[in-house]
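**Q** Dropping a structure here in structure tokens format, bear with me for questions.
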Amino acid sequence: MRLYTYWRSSAAYRVRIALNLKGLSYEALPTHFLRNGGEHRAPAFLTRNPQGLIPVLEDGALILAQSLAIIEYLEERYPEPALLPRDLGLRARVRSLALSIACDIHPLNNLRVLNYLKSELGQPQDKVDAWYRHWIATGFTALEQEALRHGDGTHLVGSQISMADVCLIPQVYNAKRFRVDLAPYPTLIAINDGLATLPAFQAARPEAQPDAE
């Protein structure tokens, strides 16, 4: 398997965690967002993903974009260790919380949105930072309540690592990077601090990637 990745991409970070948890080896193909006008915009990359987004997984003839689709593919092809519970209700809950991060929090705060706010709409850096912090707070406030209702204090749902946890850790990492006040979310931080020490999560950290700067 080959993974087109970028060290600071939280979507790629999710996939790296999932690959590591499942013990799958892969070749990392760093694709820089800024160098050469953005290597994800190069024609060769756009043939793999016309959206020009990271990550992209190649597995033989299969070329697949979108981090959650990639993780679900890995889950179905390599079902152990499982990232989705067997119980149908818990499985749906995990997907719900993973989607709340990947679809409702992350897209509002990814690099292309922040760059558009600054360069195209002329917003100063302090306003861009305020935008970022607002949407993290909105999303994390709800996610904190979900974690209290459905997790055990060390996982978002149930008592096993799930796809929801795989999505949470990169989002907390980014929130810390942007100096978001995380004091209102003690459950999320406890989950993050516990899981972030595990080898599969450590090896996926941005600083551990070959293209880290």
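Residue names in the structure tokens use chain letters A, B, ... in the order shown, residue numbers from 1 in each chain, and ligand numbers from 1 in the order shown.
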Show me a table, sorted first by chain and then by increasing residue number, of the residues of region 152-175 of chain A having an atom at most 9 Å from region 123-143 of chain A, each with its shortest atom pair and the distance in Å to one decimal, counting only C-alpha atoms and written as a Markdown table.

**A**
```
| residue | atom | partner | partner_atom | distance |
| --- | --- | --- | --- | --- |
| A:Leu156 | CA | A:Leu143 | CA | 8.6 |
| A:Gln171 | CA | A:Ile136 | CA | 8.7 |
| A:Ala175 | CA | A:Ile136 | CA | 7.1 |
```

**Q** Got a sec to tell me which of region 31-183 of chain A DSSP assigns to helix (DSSP H, G or I), as a count of residues only?

**A** 94

**Q** Identify, with DSSP run on backbone atoms, the residues in region 40-187 of chain A assigned to strand (DSSP E or B), and express the list as a JSON list (two decimals) with C-alpha atoms, in the first residue's frame.

**A**
```json
[["chain", "number", "residue", "atom", "x", "y", "z"],
["A", 56, "VAL", "CA", -5.00, 9.17, -1.06],
["A", 57, "LEU", "CA", -4.46, 5.44, -0.56],
["A", 58, "GLU", "CA", -3.26, 3.14, -3.32],
["A", 59, "ASP", "CA", -3.76, -0.55, -2.71],
["A", 62, "LEU", "CA", -7.48, 0.65, -6.05],
["A", 63, "ILE", "CA", -7.01, 4.40, -5.64],
["A", 64, "LEU", "CA", -9.14, 5.82, -2.84],
["A", 65, "ALA", "CA", -9.53, 9.31, -1.39],
["A", 151, "GLY", "CA", -17.61, 6.54, 26.50],
["A", 158, "GLY", "CA", -17.56, 2.20, 24.77]]
```

**Q** At what distance in Å, to one decimal, does CA of Arg93 (chain A) lie from CA of Phe178 (chain A)?

**A**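 Rounded to one decimal, the two atoms are 28.2 Å apart.
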
**Q** Out of A:Pro170, A:Pro50, A:Pro55, A:Gly38, which residue has the shortest atom-to-atom distance to Thr5 (chain A) when counting only C-alpha atoms?

**A** A:Pro55

**Q** Between CA of Leu3 (chain A) and CA of Asp211 (chain A), what is the spacing in Å?

**A**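 Separating CA of Asp211 (chain A) from CA of Leu3 (chain A) is a distance of 13.0 Å.
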